[in-house]
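Trainee: Before anything else, here's the structure in question.
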Amino acid sequence: MIITPQTAELRRQLAPMRGRERIALVPTMGCLHEGHLSLIRKARRLADTVVVSIYVNPLQFGPNEDLDSYPRTFEADAALCETEDVDIIFHPQNLYADGPPPVSLCVAGLDRCLCGTARPGHFDGVATVVAILFNIVQPDLAVFGEKDWQQLTIIRRMTEGLYMPLEIVAGDTVREADGLAMSSRNRYLNPAERRRATGLYRALSAMQKLAKAGETCCATLVAHGRERLAAQDIEAEYLDIRDAWSLEPVANLSGNRSARALVAARIGRARLIDNVPMPHASAPVNHTEPEEVSR
Ligand code: PAF
């Protein structure tokens with residue numbers, strides 16, 4: 001496995017593979033967990049060469065967010081990548097050594113809801129760094145987790161809208177045994193907060209279950225989810241049902257559009273997010289009770 005902080009070295013290593021082998025990129029901010037590893041494994045199955053980027057991108061953190069305290073665990077991350085047969089770790093020290101890029105991306109509209117409301121500028125920062133990483137690595141495909149559904153959607157739409165020549169592949173959310181979605185920020189939770197945090201997936205699962213039983217009114221489904229959150233003393237930043245592609249609000253579930261239920265909440269000092277697909281009468285999704293979820 002090659003580890004390099006240098007763009008020129010990365011490109012030199014990739015040059016012989018271009019056009020002959022499929023190159024996959026898994027962009028990360030490090031602090032790797034099973035969720036990331038499942039993305040790496042997916043990349044491994046789909047490509048010949050797997051590049052993992054590890055870079056805590058300052059552009060996507062707001063002034064009062066956790067940029068300075070964001071966990072940096074490079075040695076452990078590199079060991080995990082080695083076990084997963086990663087070919088190259090790209091670990092730049094600073095992609096903006098000369099200051100913020102003179103031209104950056106601005107996400108139009110898709111960031112004016114959900115996480116974008118509480119984190120102004122966040123998705124502009126994500127889109128800009130992801131475009132930079134795509135330009136540096138020039139992968140055939142890149143893998144992103146469904147846990148960050150709004151990010152995944154924005155990246156899919158960016159890639160399509162800007163005619164970027166690569167495929168975006170989505171990886172399933174990986175959950176702890178009690179349903180909590182894996183996240184680098186889960187390590188901020190103390191034991192009591194960790195127990196409360198399971199309320200997010202419980203609320204989403206309850207909404208799925210009610211929809212599967214035939215309820216199609218999204219206001220009713222959201223009210224049901226809110227009750228479940230309140231039972232765990234969780235006040236959501238948002239709990240909503242949105243169109244899976246446009247992120248527009250959905251009033252009623254129908255067989256014509258695919259919808260997602262999405263939630264964000266602060267628990268202790270962690271801001272956690274999660275989402276699930278919503279079933280509709282003609283295409284139910286399998287419901288798994290949180291207690292039964294396996295890794
Ligand atoms: O999901 C993340 O870890 C980050 O937002 C990403 C995509 C690596 C960009 O910094």
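Every chain in the structure tokens has a letter given in the order shown (A, B, ...), and although residue numbers restart at 1 in each chain, ligands are simply numbered from 1 in the order shown.
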Within 9 Å of stretch 2-5 of chain A, counting only C-alpha atoms, which residues show up once you throw out same-chain ones fewer than 4 positions away? Write them as a list in words, please.
Mentor: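 Near stretch 2-5 of chain A, the qualifying residues are Glu9, Leu10, Gln13, Ala78, Val86, Asp87, Ile88, Ile89, Phe90, His91, Pro92, Gln93 and Asn94 of chain A.
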Trainee: Do you know which residues are within 8 Å of ligand 1 using only C-alpha atoms and all ligand atoms? Can you write them as a list in words?
Mentor: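 Counting only what the definition allows, namely only C-alpha atoms and all ligand atoms, the set is Val26, Pro27, Thr28, Met29, Gly30, Ser53, Ile54, Tyr55, Val56, Asn57, Gln60, Gly125, Val126, Ala127, Val129, Val130, Phe144, Gly145, Asp148 and Gln151 of chain A.
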Trainee: So which residues touch stretch 160-176 of chain A within 10 Å, counting only C-alpha atoms, skipping near sequence neighbours fewer than 6 positions away, as a PyMOL selection string?
Mentor: chain A and resi 23-26+33-43+46+131+134-135+138-149+152-154+182-183+198+201+274-276+290-291+293-295
Trainee: Could the residues in this selection be saved with N, CA and C atoms as a short mmCIF file (atom, residue, chain, number, x, y, z; two decimals), in the first residue's frame?
Mentor:
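Written file, result-v1.cif:
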```cif
data_model
loop_
_atom_site.label_atom_id
_atom_site.label_comp_id
_atom_site.auth_asym_id
_atom_site.auth_seq_id
_atom_site.Cartn_x
_atom_site.Cartn_y
_atom_site.Cartn_z
N ILE A 23 -10.35 2.56 -11.68
CA ILE A 23 -9.85 3.19 -10.46
C ILE A 23 -11.04 3.68 -9.65
N ALA A 24 -11.07 3.29 -8.36
CA ALA A 24 -12.15 3.75 -7.47
C ALA A 24 -11.58 4.67 -6.42
N LEU A 25 -12.35 5.70 -6.09
CA LEU A 25 -11.98 6.61 -4.99
C LEU A 25 -13.01 6.50 -3.88
N VAL A 26 -12.53 6.37 -2.65
CA VAL A 26 -13.40 6.46 -1.48
C VAL A 26 -12.94 7.68 -0.68
N HIS A 33 -14.41 3.74 10.37
CA HIS A 33 -15.16 2.72 11.11
C HIS A 33 -15.75 1.75 10.10
N GLU A 34 -16.56 0.81 10.61
CA GLU A 34 -17.13 -0.24 9.73
C GLU A 34 -17.89 0.35 8.53
N GLY A 35 -18.52 1.51 8.74
CA GLY A 35 -19.25 2.15 7.63
C GLY A 35 -18.30 2.45 6.48
N HIS A 36 -17.15 3.08 6.82
CA HIS A 36 -16.16 3.37 5.77
C HIS A 36 -15.64 2.07 5.15
N LEU A 37 -15.40 1.08 6.02
CA LEU A 37 -14.80 -0.16 5.51
C LEU A 37 -15.74 -0.84 4.52
N SER A 38 -17.05 -0.72 4.76
CA SER A 38 -17.98 -1.33 3.80
C SER A 38 -17.92 -0.57 2.47
N LEU A 39 -17.67 0.74 2.49
CA LEU A 39 -17.52 1.49 1.23
C LEU A 39 -16.25 1.05 0.51
N ILE A 40 -15.19 0.84 1.29
CA ILE A 40 -13.91 0.41 0.70
C ILE A 40 -14.08 -0.98 0.08
N ARG A 41 -14.82 -1.85 0.80
CA ARG A 41 -15.02 -3.22 0.26
C ARG A 41 -15.83 -3.16 -1.03
N LYS A 42 -16.79 -2.26 -1.08
CA LYS A 42 -17.59 -2.12 -2.30
C LYS A 42 -16.68 -1.64 -3.45
N ALA A 43 -15.84 -0.66 -3.15
CA ALA A 43 -14.91 -0.15 -4.16
C ALA A 43 -13.99 -1.28 -4.64
N LEU A 46 -15.63 -3.45 -7.13
CA LEU A 46 -16.00 -2.84 -8.41
C LEU A 46 -14.81 -2.34 -9.22
N ALA A 131 -14.99 17.84 -5.78
CA ALA A 131 -14.60 18.14 -7.17
C ALA A 131 -13.06 18.18 -7.28
N PHE A 134 -11.86 14.63 -7.18
CA PHE A 134 -12.14 13.97 -8.47
C PHE A 134 -11.10 14.42 -9.51
N ASN A 135 -10.76 15.71 -9.50
CA ASN A 135 -9.78 16.21 -10.48
C ASN A 135 -8.39 15.64 -10.23
N GLN A 138 -9.02 11.51 -10.60
CA GLN A 138 -9.67 11.13 -11.87
C GLN A 138 -10.12 9.66 -11.86
N PRO A 139 -10.95 9.32 -10.87
CA PRO A 139 -11.39 7.92 -10.75
C PRO A 139 -12.47 7.58 -11.77
N ASP A 140 -12.65 6.28 -12.01
CA ASP A 140 -13.78 5.82 -12.84
C ASP A 140 -15.05 5.80 -12.01
N LEU A 141 -14.89 5.57 -10.71
CA LEU A 141 -16.05 5.58 -9.83
C LEU A 141 -15.63 6.08 -8.45
N ALA A 142 -16.62 6.60 -7.73
CA ALA A 142 -16.38 7.03 -6.35
C ALA A 142 -17.53 6.53 -5.50
N VAL A 143 -17.21 6.12 -4.27
CA VAL A 143 -18.21 5.50 -3.40
C VAL A 143 -18.50 6.41 -2.20
N PHE A 144 -19.79 6.67 -1.97
CA PHE A 144 -20.23 7.51 -0.85
C PHE A 144 -21.32 6.78 -0.07
N GLY A 145 -21.41 7.04 1.22
CA GLY A 145 -22.37 6.34 2.06
C GLY A 145 -23.76 6.97 2.02
N GLU A 146 -24.77 6.12 2.11
CA GLU A 146 -26.15 6.61 2.12
C GLU A 146 -26.50 7.30 3.43
N LYS A 147 -25.68 7.09 4.45
CA LYS A 147 -26.00 7.74 5.74
C LYS A 147 -26.06 9.26 5.55
N ASP A 148 -25.15 9.78 4.73
CA ASP A 148 -25.16 11.21 4.42
C ASP A 148 -25.97 11.41 3.13
N TRP A 149 -27.30 11.22 3.24
CA TRP A 149 -28.13 11.17 2.03
C TRP A 149 -28.10 12.48 1.26
N LEU A 152 -24.84 12.71 -0.53
CA LEU A 152 -24.83 11.77 -1.66
C LEU A 152 -25.64 12.35 -2.83
N THR A 153 -26.81 12.90 -2.52
CA THR A 153 -27.67 13.46 -3.56
C THR A 153 -26.98 14.64 -4.25
N ILE A 154 -26.39 15.52 -3.45
CA ILE A 154 -25.72 16.70 -4.03
C ILE A 154 -24.56 16.25 -4.91
N MET A 182 -23.51 4.06 12.11
CA MET A 182 -22.11 4.31 12.47
C MET A 182 -21.68 5.68 11.97
N SER A 183 -20.95 6.39 12.81
CA SER A 183 -20.49 7.73 12.48
C SER A 183 -19.25 8.02 13.30
N THR A 198 -30.03 5.90 20.10
CA THR A 198 -30.74 4.86 19.35
C THR A 198 -32.15 5.32 18.98
N TYR A 201 -32.91 6.06 15.07
CA TYR A 201 -33.28 4.95 14.17
C TYR A 201 -34.62 4.35 14.58
N ASP A 274 -29.42 10.62 10.27
CA ASP A 274 -29.75 9.27 9.81
C ASP A 274 -30.89 9.40 8.79
N ASN A 275 -31.11 8.37 8.02
CA ASN A 275 -32.23 8.37 7.07
C ASN A 275 -32.53 6.95 6.64
N VAL A 276 -33.77 6.75 6.18
CA VAL A 276 -34.19 5.42 5.68
C VAL A 276 -35.10 5.63 4.47
N PRO A 290 -35.06 -2.42 15.29
CA PRO A 290 -33.71 -2.05 15.68
C PRO A 290 -32.96 -3.15 16.42
N GLU A 291 -33.68 -3.89 17.28
CA GLU A 291 -32.99 -4.92 18.08
C GLU A 291 -32.40 -6.02 17.19
N VAL A 293 -31.12 -5.59 14.13
CA VAL A 293 -30.17 -5.16 13.12
C VAL A 293 -28.81 -5.77 13.38
N SER A 294 -28.19 -6.26 12.35
CA SER A 294 -26.84 -6.79 12.53
C SER A 294 -25.87 -5.97 11.71
N ARG A 295 -24.63 -6.08 12.00
CA ARG A 295 -23.63 -5.28 11.30
C ARG A 295 -23.37 -5.81 9.90
#
```
Trainee: Near stretch 103-110 of chain A, counting only C-alpha atoms, which residues have an atom at most 6 Å away, once you skip same-chain residues fewer than 2 positions from it, shown as a ChimeraX atom specification?
Mentor: /A:101,112,124,128
Trainee: Take the residues that were just selected and, keeping N, CA and C atoms, output them as an mmCIF file, in the first residue's frame.
Mentor:
```
data_model
loop_
_atom_site.group_PDB
_atom_site.id
_atom_site.type_symbol
_atom_site.label_atom_id
_atom_site.label_comp_id
_atom_site.auth_asym_id
_atom_site.auth_seq_id
_atom_site.Cartn_x
_atom_site.Cartn_y
_atom_site.Cartn_z
ATOM 1 N N PRO A 101 -9.685 28.065 -2.506
ATOM 2 C CA PRO A 101 -9.543 28.060 -3.960
ATOM 3 C C PRO A 101 -10.137 29.331 -4.576
ATOM 4 N N ARG A 112 -30.628 24.153 0.618
ATOM 5 C CA ARG A 112 -31.453 25.088 1.403
ATOM 6 C C ARG A 112 -32.457 24.357 2.271
ATOM 7 N N ASP A 124 -21.382 23.593 0.054
ATOM 8 C CA ASP A 124 -20.470 24.233 -0.911
ATOM 9 C C ASP A 124 -19.050 23.704 -0.663
ATOM 10 N N THR A 128 -16.957 21.419 -3.262
ATOM 11 C CA THR A 128 -15.667 21.934 -3.752
ATOM 12 C C THR A 128 -14.550 20.915 -3.515
#
```
Trainee: If we count only C-alpha atoms and set the cut-off at 12 Å, which residues sit around A:Ile273, ignoring sequence neighbours fewer than 6 positions away in its own chain? Please answer as a PyMOL selection string.
Mentor: chain A and resi 114-115+146-151+173+180-186+197-201+204+236-240+261-267
Trainee: Quick one: pull the distance between atom CA of A:Asp85 and atom CA of A:Gln6, Å, one decimal.
Mentor: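 Atom CA of A:Gln6 lies 20.6 Å from atom CA of A:Asp85.
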Trainee: Which residue gives the smallest distance to A:Ile155 among A:Leu189, A:Asp111, A:Ile234, A:Arg194, with only C-alpha atoms counted?
Mentor: A:Asp111
Trainee: Please measure the separation of atom CA of A:Pro191 and atom CA of A:Pro58, giving the value in Å to one decimal.
Mentor: 29.2 Å
